[in-house]
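Chemist: Mind having a look at this structure? Questions to follow.
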Amino acid sequence: MARRKAYRRISMMPAVKGFQPYGPDIDKGLEAVRLHFEEYEAFRLCDYELYNHVEAAVFLNVSRPTFTRIYSAARNKIAKAFVEGRPLVVEGGMIFFDHQWYECIHCGCKFHHTVRMEEPTQCPLCGGAKPKLMVEDTDAADKPVSMSYCIACGFESVIDQGNTDTLENCPRCNKRMRHRGRKAAYR
Amino acid sequence: MKYAIASSGNKAESLVSAQFGHAAYVAIYETDTQELQFVENPYSAMRQQAGKQLLEMLLAEHVHFIVSGSFGPKIIPLIGSRKVQLIVYDRKGTSVEHILHLINNKKS
């Protein structure tokens, strides 16, 4: 079985659902190009926010090579829509949202906030004030993460996605850290 | 305001379902009239897309809030632009009654 795709983190939803070509000679029968949310997000990060691929990969919670593949797919699809005069629809993809889940400190419920760019003032269930923003999505909790550990003292830490090739030294004893799961044959 | 609560049974003492799409019943509660109504989930036996179908059904009912123990990863991208709010209440052994109690005593 092929490895499952990691969920990509989306910080901002697109303002519109898609784009339509206009003009006298448009062919209405053409099938729309489906741009995935993660491709839209990659395009936004690189060409609108002007981040480089390494930085943008961290935002999307994927590795740098995966980010580059998503980004090139995005450009490819956008070019296809422009050149062939097809409608562009933003939908689908393996995604989760970054800043939309809140937790109520009074009743303990977690809720999804629909109004973008605006903080909720009360819990929709018990009306309790000042819900707390959840850092990670509920689905992200059971997502596998890459771990590293220190050979000398056993200190463990989580490796940031997009930064897997450089291991930092152990913060406790300053020895080399090792990837969790690396085989003994390497020693 | 209209609340939909994914429930494992058709009584007020029933527990809130741990899954949204595969919940046996959905309790629909209207706060203005304080009317509680249990609807059987026609999609509970479906292996895939149950949550998506159930969500469409609830959107047709003009529900404002959906309460469940959890929502699947396919539901969350769908909700993006819809006028509905998802509420996860995942404390074990919570009954529909308890949720109604929270809603009725809501400070606003």
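Letters A, B, ... go to the chains of the structure tokens in the order shown; residues in each chain start at 1; ligands are counted from 1 in the same order.
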Could you give me, as a tab-separated table, every chain A residue with an atom at most 9 Å from chain B, plus its closest atom pair and distance in Å to one decimal, counting only C-alpha atoms, rows ordered by chain then number?
Modeler:
residue	atom	partner	partner_atom	distance
A:Met13	CA	B:Gly80	CA	7.6
A:Glu91	CA	B:Pro77	CA	8.8
A:Gly92	CA	B:Pro77	CA	7.6
A:Gly93	CA	B:Pro77	CA	8.6
A:Met94	CA	B:Pro73	CA	8.7
A:Ile95	CA	B:Pro77	CA	7.1
A:Phe96	CA	B:Pro77	CA	7.1
A:Phe97	CA	B:Pro77	CA	8.1
A:Cys107	CA	B:Leu102	CA	8.1
A:Gly108	CA	B:Tyr89	CA	7.3
A:Cys109	CA	B:Tyr89	CA	4.7
A:Lys110	CA	B:Val88	CA	4.9
A:Phe111	CA	B:Ile87	CA	4.1
A:His112	CA	B:Leu86	CA	5.1
A:His113	CA	B:Gln85	CA	6.5
A:Thr114	CA	B:Gln85	CA	6.4
A:Val115	CA	B:Ser81	CA	8.9
A:Gln122	CA	B:Ser108	CA	8.3
A:Cys123	CA	B:Lys106	CA	8.9
A:Pro124	CA	B:Ile87	CA	8.0
A:Leu125	CA	B:Ile103	CA	5.4
A:Cys126	CA	B:Lys106	CA	4.6
A:Gly127	CA	B:Lys107	CA	4.8
A:Gly128	CA	B:Lys107	CA	6.8
A:Ala129	CA	B:Lys107	CA	8.9
A:Thr138	CA	B:Ser70	CA	8.7
A:Asp139	CA	B:Pro73	CA	6.8
Chemist: Which of stretch 6-42 of chain B end up as strand (DSSP E) when DSSP is run on this backbone - answer as a short mmCIF file (atom, residue, chain, number, x, y, z; two decimals) with N, CA, C and O atoms, in the first residue's frame?
Modeler:
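In the end it all went to out.cif:
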data_model
loop_
_atom_site.label_atom_id
_atom_site.label_comp_id
_atom_site.auth_asym_id
_atom_site.auth_seq_id
_atom_site.Cartn_x
_atom_site.Cartn_y
_atom_site.Cartn_z
N ALA B 6 -25.54 14.99 17.27
CA ALA B 6 -25.38 13.60 16.85
C ALA B 6 -25.53 12.72 18.08
O ALA B 6 -24.83 12.90 19.06
N SER B 7 -26.49 11.80 18.04
CA SER B 7 -26.82 11.02 19.23
C SER B 7 -26.76 9.53 18.91
O SER B 7 -26.97 9.11 17.77
N TYR B 25 -28.81 8.47 15.52
CA TYR B 25 -29.88 9.47 15.44
C TYR B 25 -29.27 10.87 15.48
O TYR B 25 -28.13 11.04 15.91
N VAL B 26 -30.06 11.82 15.05
CA VAL B 26 -29.66 13.22 15.20
C VAL B 26 -30.79 13.93 15.95
O VAL B 26 -31.96 13.82 15.57
N ALA B 27 -30.44 14.58 17.07
CA ALA B 27 -31.43 15.34 17.81
C ALA B 27 -31.42 16.76 17.28
O ALA B 27 -30.37 17.39 17.23
N ILE B 28 -32.57 17.25 16.88
CA ILE B 28 -32.66 18.63 16.38
C ILE B 28 -33.42 19.45 17.42
O ILE B 28 -34.54 19.09 17.80
N TYR B 29 -32.78 20.50 17.91
CA TYR B 29 -33.35 21.29 19.00
C TYR B 29 -33.47 22.74 18.57
O TYR B 29 -32.49 23.34 18.11
N GLU B 30 -34.68 23.25 18.69
CA GLU B 30 -34.93 24.66 18.35
C GLU B 30 -35.01 25.44 19.66
O GLU B 30 -35.84 25.13 20.52
N GLU B 35 -38.20 22.95 21.34
CA GLU B 35 -38.74 21.71 20.79
C GLU B 35 -37.58 20.77 20.44
O GLU B 35 -36.64 21.16 19.76
N LEU B 36 -37.66 19.54 20.94
CA LEU B 36 -36.62 18.54 20.66
C LEU B 36 -37.22 17.43 19.81
O LEU B 36 -38.29 16.92 20.10
N GLN B 37 -36.46 17.07 18.76
CA GLN B 37 -37.01 16.11 17.82
C GLN B 37 -35.86 15.18 17.41
O GLN B 37 -34.75 15.64 17.14
N PHE B 38 -36.11 13.87 17.42
CA PHE B 38 -35.06 12.92 17.02
C PHE B 38 -35.33 12.43 15.61
O PHE B 38 -36.44 12.01 15.29
N VAL B 39 -34.32 12.49 14.77
CA VAL B 39 -34.43 12.03 13.39
C VAL B 39 -33.45 10.88 13.23
O VAL B 39 -32.30 10.98 13.67
N GLU B 40 -33.89 9.80 12.61
CA GLU B 40 -32.98 8.68 12.39
C GLU B 40 -32.00 9.06 11.28
O GLU B 40 -32.38 9.71 10.31
#
Chemist: If we count only C-alpha atoms, what is near A:Ala56 at a cut-off of 12 Å, once residues fewer than 3 positions away on the same chain are taken out, given as a PyMOL selection string?
Modeler: chain A and resi 8-11+38-39+41-53+59-68+70-71+161-163
Chemist: My list of candidates is B:Leu15, B:Ala23, B:Ala60, B:Ile5. Which is closest to B:Tyr43 when distances are computed with only C-alpha atoms?
Modeler: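 Looking at the shortest contact to B:Tyr43, the residue is B:Ala23.
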Chemist: For the alpha helix (DSSP H) assignment from backbone DSSP, which residues of chain B qualify? Please present them as a ChimeraX atom specification.
Modeler: /B:50-60,75-79,96-104
Chemist: Please determine, counting only C-alpha atoms, which residue among A:Lys175, A:Arg69, A:Glu84, A:Val89 has the shortest atom-to-atom distance to A:His36.
Modeler: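 Among the listed residues, A:Val89 lies closest to A:His36.
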Chemist: May I ask which of the residues B:His98, B:His62, B:Lys92, B:Lys52 is the closest one to B:His22, counting only C-alpha atoms?
Modeler: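 Of the candidates, the smallest distance to B:His22 is held by B:Lys52.
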